[in-house]
$ cat final.cif   # mmCIF, C-alpha atoms and all ligand atoms
data_coords
#
loop_
_atom_site.label_atom_id
_atom_site.label_comp_id
_atom_site.auth_asym_id
_atom_site.auth_seq_id
_atom_site.Cartn_x
_atom_site.Cartn_y
_atom_site.Cartn_z
CA MET A 486 114.26 136.75 126.02
CA LYS A 487 113.84 138.30 122.57
CA GLY A 488 114.70 136.51 119.36
CA ASP A 489 114.79 132.83 118.51
CA PRO A 490 116.42 130.74 121.27
CA LYS A 491 117.47 128.11 118.66
CA SER A 492 120.80 129.82 118.05
CA ARG A 493 121.64 130.07 121.78
CA GLY A 494 123.69 127.85 124.05
CA PHE A 495 122.39 124.92 126.09
CA SER A 496 121.79 126.73 129.40
CA THR A 497 120.05 129.64 127.66
CA ARG A 498 117.76 127.20 125.84
CA ALA A 499 117.10 125.27 129.05
CA ILE A 500 115.75 128.50 130.53
CA HIS A 501 114.08 130.06 127.47
CA ALA A 502 113.16 127.49 124.78
CA GLY A 503 109.37 127.13 124.62
CA GLN A 504 109.03 129.70 127.43
CA SER A 505 107.72 132.87 125.79
CA PRO A 506 106.07 135.27 128.26
CA GLU A 507 102.36 134.59 128.69
CA PRO A 508 100.53 136.99 126.30
CA VAL A 509 97.78 138.29 128.66
CA THR A 510 99.94 139.32 131.64
CA GLY A 511 103.53 138.90 130.51
CA ALA A 512 104.13 136.29 133.26
CA VAL A 513 107.73 135.11 132.97
CA ALA A 514 107.03 131.59 134.25
CA VAL A 515 104.77 129.58 131.94
CA PRO A 516 101.46 129.31 133.86
CA ILE A 517 99.89 126.01 134.86
CA PHE A 518 96.93 125.87 132.47
CA GLN A 519 94.74 123.78 134.75
CA THR A 520 91.81 123.33 132.41
CA SER A 521 90.20 120.37 130.72
CA THR A 522 88.63 122.29 127.82
CA TYR A 523 88.68 125.60 125.94
CA VAL A 524 85.83 127.86 124.83
CA HIS A 525 85.28 128.26 121.09
CA GLU A 526 84.29 131.76 119.93
CA GLY A 527 81.90 130.22 117.46
CA LEU A 528 81.47 127.11 115.37
CA GLY A 529 84.77 126.32 113.68
CA LYS A 530 86.48 129.20 115.59
CA SER A 531 88.82 127.85 118.27
CA LYS A 532 92.19 129.27 119.31
CA GLY A 533 93.83 126.01 118.29
CA PHE A 534 92.99 124.36 121.62
CA ASP A 535 90.02 122.00 121.88
CA TYR A 536 90.50 119.54 124.72
CA ALA A 537 93.39 119.22 127.17
CA ARG A 538 94.19 115.57 126.52
CA THR A 539 95.17 116.69 123.01
CA GLN A 540 96.70 120.12 123.68
CA ASN A 541 97.72 122.05 126.77
CA PRO A 542 99.93 125.16 126.59
CA THR A 543 101.96 124.17 129.69
CA ARG A 544 102.67 120.80 128.13
CA THR A 545 103.54 122.35 124.78
CA ALA A 546 106.09 124.61 126.51
CA LEU A 547 107.81 121.62 128.15
CA GLU A 548 107.73 119.60 124.93
CA GLN A 549 109.32 122.42 122.94
CA ASN A 550 111.91 122.89 125.63
CA VAL A 551 113.07 119.25 125.76
CA ALA A 552 112.96 118.94 121.94
CA SER A 553 115.28 121.95 121.74
CA LEU A 554 117.72 120.53 124.33
CA GLU A 555 117.88 117.15 122.57
CA GLY A 556 118.14 118.77 119.12
CA GLY A 557 114.97 117.00 117.93
CA LEU A 558 112.01 117.99 115.81
CA ARG A 559 109.23 117.71 118.41
CA GLY A 560 108.71 116.34 121.90
CA HIS A 561 105.72 114.66 123.49
CA ALA A 562 105.25 114.42 127.24
CA TYR A 563 103.64 111.41 128.90
CA ALA A 564 102.52 110.51 132.40
CA SER A 565 105.74 108.63 133.23
CA GLY A 566 108.93 107.38 131.63
CA MET A 567 107.20 104.03 131.17
CA ALA A 568 104.24 105.72 129.45
CA ALA A 569 106.73 107.38 127.06
CA ILE A 570 108.44 104.03 126.40
CA SER A 571 105.00 102.45 125.85
CA ALA A 572 104.21 105.21 123.32
CA LEU A 573 107.51 104.44 121.57
CA MET A 574 106.58 100.77 121.44
CA THR A 575 103.39 101.60 119.51
CA LEU A 576 105.66 102.01 116.46
CA VAL A 577 105.93 98.21 116.50
CA ARG A 578 103.27 95.86 115.10
CA ALA A 579 102.42 92.28 116.03
CA ASP A 580 105.03 89.69 114.95
CA GLU A 581 107.76 92.34 114.60
CA ARG A 582 111.06 92.20 116.46
CA VAL A 583 112.65 94.78 118.76
CA VAL A 584 116.36 94.58 119.56
CA LEU A 585 117.20 95.89 123.05
CA SER A 586 120.19 96.37 125.35
CA ARG A 587 120.23 93.27 127.53
CA ASN A 588 120.26 95.18 130.82
CA VAL A 589 117.72 97.91 130.22
CA TYR A 590 115.73 99.34 133.10
CA GLY A 591 113.69 96.57 134.80
CA GLY A 592 110.39 98.27 133.93
CA THR A 593 111.24 98.23 130.22
CA TYR A 594 112.08 94.53 130.51
CA ARG A 595 108.76 93.88 132.28
CA LEU A 596 106.79 95.84 129.63
CA LEU A 597 108.28 93.75 126.83
CA VAL A 598 108.11 90.38 128.57
CA GLN A 599 104.84 90.60 130.50
CA VAL A 600 102.67 93.06 128.55
CA LEU A 601 103.74 93.32 124.94
CA ASP A 602 104.16 89.55 124.62
CA ARG A 603 100.34 89.52 124.48
CA TRP A 604 100.57 91.52 121.28
CA ARG A 605 103.24 89.21 119.84
CA ILE A 606 105.99 91.82 119.89
CA HIS A 607 109.26 89.93 120.07
CA PRO A 608 112.15 91.32 122.14
CA VAL A 609 115.68 90.26 121.23
CA TRP A 610 118.05 90.92 124.15
CA VAL A 611 121.57 91.76 123.05
CA ASP A 612 124.83 92.84 124.62
CA THR A 613 124.81 96.16 122.75
CA THR A 614 128.43 96.83 123.76
CA ASP A 615 129.21 94.17 121.14
CA LEU A 616 128.59 95.48 117.61
CA ASP A 617 128.84 91.96 116.14
CA ALA A 618 126.03 90.84 118.44
CA ILE A 619 123.87 93.73 117.16
CA ARG A 620 124.80 92.92 113.56
CA ALA A 621 123.77 89.29 114.15
CA ALA A 622 120.49 90.31 115.79
CA LEU A 623 119.68 92.56 112.84
CA ARG A 624 120.15 89.82 110.25
CA GLU A 625 116.42 89.24 110.63
CA PRO A 626 114.22 92.33 110.21
CA ALA A 627 113.51 94.45 113.29
CA ARG A 628 111.36 97.56 113.63
CA LEU A 629 113.28 99.16 116.46
CA VAL A 630 116.58 99.06 118.30
CA ILE A 631 116.37 100.40 121.87
CA VAL A 632 119.55 101.22 123.72
CA GLU A 633 120.49 102.67 127.08
CA SER A 634 124.04 103.98 127.36
CA PRO A 635 125.12 103.79 130.11
CA THR A 636 122.84 100.92 131.11
CA ASN A 637 121.13 100.56 134.41
CA PRO A 638 122.76 99.50 136.75
CA LEU A 639 126.02 98.17 135.25
CA MET A 640 126.84 101.26 133.17
CA GLU A 641 127.60 99.32 130.00
CA ILE A 642 128.49 101.67 127.16
CA THR A 643 127.20 101.29 123.62
CA ASP A 644 128.72 103.03 120.61
CA LEU A 645 125.60 104.99 119.64
CA ARG A 646 126.88 106.26 116.29
CA ALA A 647 127.84 102.75 115.18
CA VAL A 648 124.50 101.29 116.33
CA ALA A 649 122.58 104.02 114.49
CA THR A 650 124.39 103.04 111.28
CA LEU A 651 123.74 99.31 111.83
CA ALA A 652 120.06 99.92 112.64
CA HIS A 653 119.53 102.10 109.57
CA GLU A 654 121.33 99.64 107.26
CA ALA A 655 118.92 96.99 108.53
CA GLY A 656 115.87 99.23 108.02
CA ALA A 657 115.28 99.69 111.76
CA LEU A 658 114.96 102.86 113.83
CA LEU A 659 117.22 103.59 116.80
CA ALA A 660 115.71 104.93 120.03
CA VAL A 661 117.91 105.79 123.01
CA ASP A 662 116.80 106.03 126.62
CA ASN A 663 118.88 109.05 127.66
CA THR A 664 117.58 109.24 131.23
CA PHE A 665 120.93 108.58 132.93
CA LEU A 666 122.87 111.44 131.32
CA SER A 667 120.26 114.01 130.24
CA PRO A 668 120.82 116.09 127.10
CA TYR A 669 123.32 118.17 129.04
CA PHE A 670 125.87 115.37 128.73
CA GLN A 671 124.67 113.31 125.76
CA ARG A 672 122.52 114.04 122.71
CA PRO A 673 121.85 110.78 120.86
CA LEU A 674 119.98 112.45 117.99
CA GLU A 675 123.23 114.19 117.01
CA LEU A 676 124.82 110.73 116.84
CA GLY A 677 122.19 109.39 114.43
CA ALA A 678 119.40 108.12 116.70
CA ASP A 679 115.83 108.63 115.49
CA ALA A 680 114.19 109.11 118.88
CA VAL A 681 115.15 109.79 122.46
CA VAL A 682 113.11 108.84 125.48
CA HIS A 683 113.40 110.16 129.04
CA SER A 684 112.05 109.43 132.39
CA THR A 685 111.78 113.14 133.33
CA THR A 686 111.29 111.83 136.87
CA LYS A 687 115.09 111.69 137.08
CA PHE A 688 117.67 114.35 136.15
CA LEU A 689 115.43 116.53 133.95
CA ASN A 690 113.03 117.34 136.76
CA GLY A 691 115.79 116.71 139.25
CA HIS A 692 113.94 117.27 142.52
CA SER A 693 112.28 113.87 143.17
CA ASP A 694 108.82 115.42 143.20
CA SER A 695 107.25 114.43 139.89
CA ILE A 696 106.83 111.35 137.68
CA GLY A 697 106.93 111.98 133.94
CA GLY A 698 108.33 111.03 130.56
CA VAL A 699 109.19 112.68 127.25
CA LEU A 700 109.69 111.24 123.81
CA VAL A 701 111.62 113.38 121.29
CA SER A 702 111.54 112.44 117.63
CA THR A 703 113.32 113.54 114.48
CA ARG A 704 111.00 112.18 111.80
CA PRO A 705 107.79 114.17 111.15
CA GLU A 706 105.76 110.96 110.73
CA ASP A 707 106.87 109.68 114.15
CA ALA A 708 106.16 113.06 115.79
CA ASP A 709 102.64 113.06 114.32
CA TRP A 710 102.14 109.48 115.50
CA PHE A 711 103.33 110.21 119.07
CA ALA A 712 100.90 113.17 119.27
CA PHE A 713 98.15 110.85 118.02
CA VAL A 714 99.10 108.31 120.72
CA GLN A 715 98.87 111.04 123.40
CA LYS A 716 95.34 111.80 122.22
CA SER A 717 94.29 108.19 121.66
CA VAL A 718 95.82 106.45 124.67
CA GLY A 719 95.66 109.47 126.96
CA ALA A 720 98.70 108.88 129.18
CA ILE A 721 99.62 112.58 129.12
CA LEU A 722 101.67 114.56 131.64
CA SER A 723 99.55 116.83 133.87
CA PRO A 724 100.00 120.61 133.61
CA PHE A 725 101.37 120.76 137.16
CA ASP A 726 103.99 118.07 136.43
CA CYS A 727 104.90 119.88 133.19
CA PHE A 728 105.42 123.06 135.24
CA LEU A 729 107.58 121.28 137.84
CA THR A 730 109.66 119.61 135.13
CA MET A 731 110.26 122.90 133.29
CA ARG A 732 111.23 124.52 136.56
CA GLY A 733 113.71 121.71 137.17
CA ILE A 734 115.18 121.91 133.67
CA LYS A 735 116.08 125.58 134.13
CA THR A 736 118.87 124.50 136.49
CA LEU A 737 119.81 121.30 134.65
CA ALA A 738 123.23 122.55 133.53
CA VAL A 739 124.40 123.67 136.96
CA ARG A 740 122.98 120.61 138.66
CA MET A 741 124.62 118.19 136.21
CA GLU A 742 128.02 119.84 136.70
CA ARG A 743 127.76 119.49 140.46
CA HIS A 744 126.29 115.96 140.29
CA GLU A 745 129.23 114.90 138.19
CA ARG A 746 131.89 116.56 140.32
CA ASN A 747 130.54 114.74 143.38
CA ALA A 748 130.24 111.47 141.44
CA HIS A 749 133.89 111.57 140.37
CA ALA A 750 134.98 112.00 143.99
CA VAL A 751 132.72 109.15 145.15
CA ALA A 752 133.92 106.85 142.34
CA ARG A 753 137.55 107.53 143.24
CA LEU A 754 136.90 106.77 146.92
CA LEU A 755 135.15 103.51 146.00
CA ASP A 756 137.83 102.56 143.49
CA GLU A 757 140.58 102.86 146.07
CA HIS A 758 138.69 101.29 148.99
CA PRO A 759 139.75 97.81 150.17
CA LYS A 760 136.14 96.83 151.03
CA VAL A 761 134.97 97.50 147.47
CA ALA A 762 135.50 94.68 144.98
CA ARG A 763 134.54 96.44 141.74
CA VAL A 764 133.31 99.85 140.59
CA PHE A 765 131.09 100.53 137.57
CA TYR A 766 131.49 104.18 136.57
CA PRO A 767 132.24 105.27 132.99
CA GLY A 768 134.31 108.19 134.31
CA LEU A 769 137.04 105.85 135.59
CA PRO A 770 139.69 105.54 132.85
CA SER A 771 139.98 101.79 133.56
CA PHE A 772 136.25 101.21 132.97
CA PRO A 773 135.46 99.27 129.76
CA GLY A 774 133.73 101.65 127.41
CA HIS A 775 135.34 104.74 128.97
CA GLU A 776 136.82 105.87 125.65
CA ILE A 777 133.66 105.30 123.62
CA HIS A 778 131.68 107.17 126.23
CA ALA A 779 134.17 110.07 126.25
CA ARG A 780 133.77 110.32 122.45
CA GLN A 781 130.00 110.47 122.40
CA ALA A 782 129.16 112.36 125.61
CA SER A 783 130.53 115.48 127.27
CA GLY A 784 130.29 114.11 130.82
CA PHE A 785 130.09 110.86 132.74
CA GLY A 786 127.03 111.54 134.85
CA ALA A 787 126.26 110.71 138.45
CA MET A 788 125.26 107.04 138.44
CA ILE A 789 127.70 104.59 140.02
CA ALA A 790 127.36 100.91 140.86
CA PHE A 791 129.81 98.86 142.90
CA GLU A 792 130.21 95.45 144.45
CA VAL A 793 131.10 94.70 148.03
CA ALA A 794 132.00 91.25 149.39
CA ASP A 795 128.51 89.77 149.74
CA PHE A 796 124.82 90.52 150.31
CA GLU A 797 125.31 90.94 154.07
CA SER A 798 127.99 93.63 153.50
CA ALA A 799 125.69 95.44 151.06
CA ARG A 800 122.85 95.30 153.61
CA ARG A 801 125.06 96.56 156.40
CA LEU A 802 126.43 99.45 154.32
CA LEU A 803 122.94 100.54 153.25
CA ASP A 804 121.79 100.41 156.90
CA ARG A 805 124.73 102.51 158.09
CA LEU A 806 124.50 105.37 155.59
CA GLU A 807 123.01 108.58 156.98
CA VAL A 808 123.36 111.25 154.28
CA TRP A 809 122.55 108.78 151.51
CA SER A 810 118.90 107.67 151.54
CA LEU A 811 117.91 104.11 150.73
CA ALA A 812 115.45 104.57 147.88
CA GLU A 813 114.67 103.59 144.32
CA SER A 814 114.91 106.22 141.61
CA LEU A 815 117.75 108.55 140.74
CA GLY A 816 118.64 111.95 139.38
CA GLY A 817 117.32 114.09 142.23
CA VAL A 818 119.35 116.66 144.15
CA GLU A 819 119.57 114.23 147.07
CA SER A 820 121.95 111.28 147.04
CA LEU A 821 120.21 107.92 146.88
CA ALA A 822 121.51 104.41 147.42
CA CYS A 823 119.72 101.29 146.27
CA HIS A 824 120.12 97.55 146.05
CA PRO A 825 119.17 96.70 142.44
CA ALA A 826 118.63 92.95 143.00
CA THR A 827 115.87 93.50 145.56
CA MET A 828 114.64 96.93 144.47
CA THR A 829 114.82 98.31 140.90
CA HIS A 830 115.58 94.97 139.25
CA ALA A 831 113.47 92.69 141.45
CA SER A 832 111.07 92.12 138.52
CA ILE A 833 113.86 90.37 136.60
CA PRO A 834 114.09 86.64 137.46
CA LYS A 835 117.09 85.74 139.66
CA GLU A 836 118.67 83.52 137.01
CA ARG A 837 118.53 86.29 134.43
CA ARG A 838 119.90 88.83 136.92
CA LYS A 839 122.81 86.48 137.48
CA GLU A 840 123.48 86.21 133.74
CA LEU A 841 123.45 89.99 133.45
CA GLY A 842 125.79 90.51 136.41
CA VAL A 843 123.23 92.19 138.68
CA SER A 844 124.53 90.37 141.73
CA ASP A 845 123.25 90.39 145.31
CA GLU A 846 126.39 92.27 146.37
CA LEU A 847 125.80 95.12 143.93
CA VAL A 848 124.89 98.57 145.26
CA ARG A 849 123.84 101.52 143.07
CA PHE A 850 124.32 105.18 143.90
CA SER A 851 122.68 108.23 142.40
CA VAL A 852 125.06 110.94 143.54
CA GLY A 853 123.32 114.17 144.54
CA ILE A 854 124.51 117.72 144.91
CA GLU A 855 125.06 117.87 148.67
CA ASP A 856 128.42 118.93 150.15
CA GLN A 857 131.04 116.54 148.86
CA ALA A 858 132.67 116.21 152.29
CA ASP A 859 129.38 115.01 153.81
CA LEU A 860 128.87 112.41 151.08
CA LEU A 861 132.43 111.10 151.27
CA GLY A 862 132.57 111.11 155.09
CA ASP A 863 129.30 109.20 155.39
CA LEU A 864 130.38 106.66 152.78
CA GLU A 865 133.80 106.17 154.37
CA ARG A 866 132.19 105.52 157.79
CA GLY A 867 129.67 103.13 156.26
CA LEU A 868 132.36 101.16 154.44
CA GLN A 869 134.51 100.90 157.58
CA GLU A 870 131.65 99.21 159.39
CA ILE A 871 131.07 96.37 156.93
N1 LIG B 1 114.24 104.52 131.95
C1 LIG B 1 115.17 104.47 132.91
C2 LIG B 1 116.62 104.39 132.51
C3 LIG B 1 114.82 104.47 134.26
O1 LIG B 1 115.76 104.40 135.20
C4 LIG B 1 113.43 104.52 134.59
C5 LIG B 1 112.98 104.51 135.99
O2 LIG B 1 113.74 104.29 136.90
C6 LIG B 1 112.49 104.56 133.56
C7 LIG B 1 112.93 104.57 132.24
C8 LIG B 1 111.03 104.60 133.84
O3 LIG B 1 110.62 105.89 134.23
P1 LIG B 1 109.37 106.21 135.17
O4 LIG B 1 109.67 105.67 136.53
O5 LIG B 1 109.28 107.71 135.12
O6 LIG B 1 108.18 105.55 134.57
#
$ encode --input "final.cif" --output "structure tokens"
Amino acid sequence: MKGDPKSRGFSTRAIHAGQSPEPVTGAVAVPIFQTSTYVHEGLGKSKGFDYARTQNPTRTALEQNVASLEGGLRGHAYASGMAAISALMTLVRADERVVLSRNVYGGTYRLLVQVLDRWRIHPVWVDTTDLDAIRAALREPARLVIVESPTNPLMEITDLRAVATLAHEAGALLAVDNTFLSPYFQRPLELGADAVVHSTTKFLNGHSDSIGGVLVSTRPEDADWFAFVQKSVGAILSPFDCFLTMRGIKTLAVRMERHERNAHAVARLLDEHPKVARVFYPGLPSFPGHEIHARQASGFGAMIAFEVADFESARRLLDRLEVWSLAESLGGVESLACHPATMTHASIPKERRKELGVSDELVRFSVGIEDQADLLGDLERGLQEI
């Protein structure tokens, strides 16, 4: 594509941003630059590339692409979503506080509670759906506020614009984990957030064949710092994973549309089913937070949680499903079902899971892009048998 992709629409940028044809051959797909180092023509004469931990053209292409989709200044790609969240956490110093959504991804909880406690970083867990609770938490200084909206797995919705204002008034930065919706449906930086983090493992890559993470920042000093952390800590995304993720992103828009269409149909089936006690999906008009979500995002995504009668019913349903695979993770083209209490959230102590509402009868779906009739038929049969 000729010209600057910045002025183009989302799908055009997903395909073209950061993806200029390779100068030697004109290759349309950004090559996998599988090299650890680069030859210098002479002392002090490099082509801007010295060592691949610091710079790699395949990684740069992905980073520019995601930064463009999120509307940020620069992006930095890391070896996993957790590596990207760890890089974000390096903004915080010992004895500083971090305010977080109380039911963030279990791995983020574990990082704060079992790793960063050694560096005296203090997490403050808050129901971020409650602005007064955030206000109260920010009465004492905090470096960062970290929010997921919707949260994992209960889909709690936080008013991102309001939290950005509260964070900034208190001198804190707001970072949003946007993994569940992708920039196709939600762009937190446009709502005032200072950074966005992704597990690219999920919807961005979209094919369940790569682990990765990206951190997009708006402030030049943070962008410089995150590049420095890539170089200094070294948890960078490999060229091959960058290639796979870019390849996935090219179809993000069409995948997200289809994911969501299927998810709406599944949520309706669950909502009307006598064997289902409760459905957590922001796309249902009765769901708390539905209106806030509709204001700040252009779609409801493909993550659904629901409760059946008890653990045994959940187990039986998960055993009976044929099209849906029992697996952790989410955001791939295939539909996945999981049991948060024993899988994704097993690292959270039982008592705390109970407080959060992650019950033993809760099931989580990542709705894929298969034929809707197959997904609904399989689910209907599974539910009948519990
Ligand atoms: N953030 C969210 C919302 C997630 O669901 C996950 C993983 O499931 C992560 C971060 C961590 O990403 P990764 O598994 O790529 O390290």
$ residues_around --input "final.cif" --residues "Phe670 (chain A)" --least-positions-apart "3" --cutoff "10 Å" --atoms "all atoms listed in the file" --output "tab-separated table (two decimals) with C-alpha atoms, in the coordinates of the input"
chain	number	residue	atom	x	y	z
A	663	ASN	CA	118.88	109.05	127.66
A	665	PHE	CA	120.93	108.58	132.93
A	666	LEU	CA	122.87	111.44	131.32
A	667	SER	CA	120.26	114.01	130.24
A	673	PRO	CA	121.85	110.78	120.86
A	738	ALA	CA	123.23	122.55	133.53
A	741	MET	CA	124.62	118.19	136.21
A	742	GLU	CA	128.02	119.84	136.70
A	781	GLN	CA	130.00	110.47	122.40
A	782	ALA	CA	129.16	112.36	125.61
A	783	SER	CA	130.53	115.48	127.27
A	784	GLY	CA	130.29	114.11	130.82
A	785	PHE	CA	130.09	110.86	132.74
A	786	GLY	CA	127.03	111.54	134.85
$ closest_residue --input "final.cif" --among "A:Val718, A:Leu659, A:Leu676, A:Val682" --to "Val583 (chain A)" --atoms "only C-alpha atoms"
A:Leu659
$ atom_distance --input "final.cif" --atom1 "atom C3 of ligand LIG 1 (chain B)" --atom2 "CA of Ala568 (chain A)"
11.7 Å
$ residues_near_ligand --input "final.cif" --ligand "ligand LIG 1 (chain B)" --cutoff "9 Å" --atoms "all atoms listed in the file" --output "count of residues only"
35
$ axis_aligned_box --input "final.cif" --around "region 820-837 of chain A" --padding-each-side "8 Å" --output "lines of an AutoDock Vina configuration file"
center_x = 116.5
center_y = 97.4
center_z = 140.9
size_x = 26.9
size_y = 43.8
size_z = 29.0
$ residues_around --input "final.cif" --residues "Gly733 (chain A)" --least-positions-apart "2" --cutoff "7 Å" --atoms "all atoms listed in the file" --output "list in words"
Leu689, Asn690, Gly691, His692, Leu729, Thr730, Met731, Lys735, Thr736 and Leu737 of chain A
$ closest_residue --input "final.cif" --among "A:Arg780, A:Ala649, A:Asp863, A:Arg763" --to "Leu847 (chain A)" --atoms "only C-alpha atoms"
A:Arg763
$ atom_distance --input "final.cif" --atom1 "CA of Phe796 (chain A)" --atom2 "CA of Ser851 (chain A)"
19.5 Å
$ closest_residue --input "final.cif" --among "A:Trp710, A:Leu802, A:Tyr594, A:Arg603" --to "Pro834 (chain A)" --atoms "all atoms listed in the file"
A:Tyr594
$ atom_distance --input "final.cif" --atom1 "CA of Ser634 (chain A)" --atom2 "CA of Asp679 (chain A)"
15.2 Å
$ closest_residue --input "final.cif" --among "A:His653, A:Arg498, A:Arg805, A:Lys835" --to "Gly677 (chain A)" --atoms "all atoms listed in the file"
A:His653
$ closest_residue --input "final.cif" --among "A:Ala790, A:Ala579, A:Leu554, A:Ala752" --to "Gly842 (chain A)" --atoms "all atoms listed in the file"
A:Ala790
$ closest_residue --input "final.cif" --among "A:Ser832, A:Gln519, A:Ser844, A:Ser586" --to "Asp726 (chain A)" --atoms "all atoms listed in the file"
A:Gln519
$ closest_atom_pairs --input "final.cif" --of "region 557-632 of chain A" --to "region 699-709 of chain A" --cutoff "7 Å" --atoms "all atoms listed in the file" --output "tab-separated table"
residue	atom	partner	partner_atom	distance
A:Gly557	CA	A:Thr703	CA	5.2
A:Leu558	CA	A:Thr703	CA	4.8
A:Arg559	CA	A:Val701	CA	5.7
A:Gly560	CA	A:Val701	CA	4.2
A:His561	CA	A:Leu700	CA	5.2
A:Ala562	CA	A:Val699	CA	4.3
A:Tyr563	CA	A:Val699	CA	5.9
A:Gly566	CA	A:Val699	CA	6.9
A:Ala569	CA	A:Val699	CA	5.8
$ residues_near_point --input "final.cif" --point "(118.2, 108.7, 152.8)" --cutoff "12 Å" --atoms "all atoms listed in the file" --output "list of chain:residue names"
A:Leu803, A:Asp804, A:Arg805, A:Leu806, A:Glu807, A:Val808, A:Trp809, A:Ser810, A:Leu811, A:Ala812, A:Glu813, A:Ser814, A:Gly817, A:Val818, A:Glu819, A:Ser820, A:Leu821, A:Ala822, A:Cys823, A:Phe850, A:Ser851, A:Val852, A:Gly853, A:Leu860, A:Asp863
$ decode --input "final.cif" --residues "region 631-636 of chain A" --atoms "all heavy atoms" --output "PDB file, in the first residue's frame"
ATOM      1  N   ILE A 631      -4.283  -0.733  37.416  1.00  0.00           N
ATOM      2  CA  ILE A 631      -4.348  -1.741  36.343  1.00  0.00           C
ATOM      3  C   ILE A 631      -5.746  -2.343  36.321  1.00  0.00           C
ATOM      4  O   ILE A 631      -6.221  -2.860  37.333  1.00  0.00           O
ATOM      5  CB  ILE A 631      -3.306  -2.860  36.546  1.00  0.00           C
ATOM      6  CG1 ILE A 631      -1.898  -2.251  36.586  1.00  0.00           C
ATOM      7  CG2 ILE A 631      -3.400  -3.897  35.437  1.00  0.00           C
ATOM      8  CD1 ILE A 631      -0.778  -3.255  36.765  1.00  0.00           C
ATOM      9  N   VAL A 632      -6.371  -2.247  35.159  1.00  0.00           N
ATOM     10  CA  VAL A 632      -7.774  -2.649  35.048  1.00  0.00           C
ATOM     11  C   VAL A 632      -7.932  -3.612  33.874  1.00  0.00           C
ATOM     12  O   VAL A 632      -7.290  -3.450  32.844  1.00  0.00           O
ATOM     13  CB  VAL A 632      -8.649  -1.380  34.812  1.00  0.00           C
ATOM     14  CG1 VAL A 632     -10.055  -1.742  34.404  1.00  0.00           C
ATOM     15  CG2 VAL A 632      -8.676  -0.510  36.057  1.00  0.00           C
ATOM     16  N   GLU A 633      -8.793  -4.609  34.082  1.00  0.00           N
ATOM     17  CA  GLU A 633      -9.288  -5.409  32.955  1.00  0.00           C
ATOM     18  C   GLU A 633     -10.768  -5.085  32.837  1.00  0.00           C
ATOM     19  O   GLU A 633     -11.472  -5.073  33.848  1.00  0.00           O
ATOM     20  CB  GLU A 633      -9.157  -6.911  33.241  1.00  0.00           C
ATOM     21  CG  GLU A 633      -7.752  -7.429  33.173  1.00  0.00           C
ATOM     22  CD  GLU A 633      -7.646  -8.915  33.558  1.00  0.00           C
ATOM     23  OE1 GLU A 633      -8.635  -9.661  33.411  1.00  0.00           O
ATOM     24  OE2 GLU A 633      -6.575  -9.303  34.035  1.00  0.00           O
ATOM     25  N   SER A 634     -11.234  -4.838  31.655  1.00  0.00           N
ATOM     26  CA  SER A 634     -12.682  -4.640  31.451  1.00  0.00           C
ATOM     27  C   SER A 634     -13.032  -5.166  30.075  1.00  0.00           C
ATOM     28  O   SER A 634     -12.582  -4.604  29.076  1.00  0.00           O
ATOM     29  CB  SER A 634     -13.053  -3.157  31.564  1.00  0.00           C
ATOM     30  OG  SER A 634     -14.447  -2.998  31.455  1.00  0.00           O
ATOM     31  N   PRO A 635     -13.793  -6.258  29.990  1.00  0.00           N
ATOM     32  CA  PRO A 635     -14.345  -7.063  31.073  1.00  0.00           C
ATOM     33  C   PRO A 635     -13.251  -7.859  31.793  1.00  0.00           C
ATOM     34  O   PRO A 635     -12.222  -8.155  31.210  1.00  0.00           O
ATOM     35  CB  PRO A 635     -15.287  -8.032  30.352  1.00  0.00           C
ATOM     36  CG  PRO A 635     -15.282  -7.673  28.918  1.00  0.00           C
ATOM     37  CD  PRO A 635     -14.135  -6.796  28.653  1.00  0.00           C
ATOM     38  N   THR A 636     -13.554  -8.223  33.059  1.00  0.00           N
ATOM     39  CA  THR A 636     -12.597  -9.030  33.813  1.00  0.00           C
ATOM     40  C   THR A 636     -12.762 -10.505  33.482  1.00  0.00           C
ATOM     41  O   THR A 636     -13.761 -10.922  32.903  1.00  0.00           O
ATOM     42  CB  THR A 636     -12.792  -8.867  35.336  1.00  0.00           C
ATOM     43  OG1 THR A 636     -14.122  -9.239  35.664  1.00  0.00           O
ATOM     44  CG2 THR A 636     -12.485  -7.469  35.790  1.00  0.00           C
TER      45      THR A 636
END
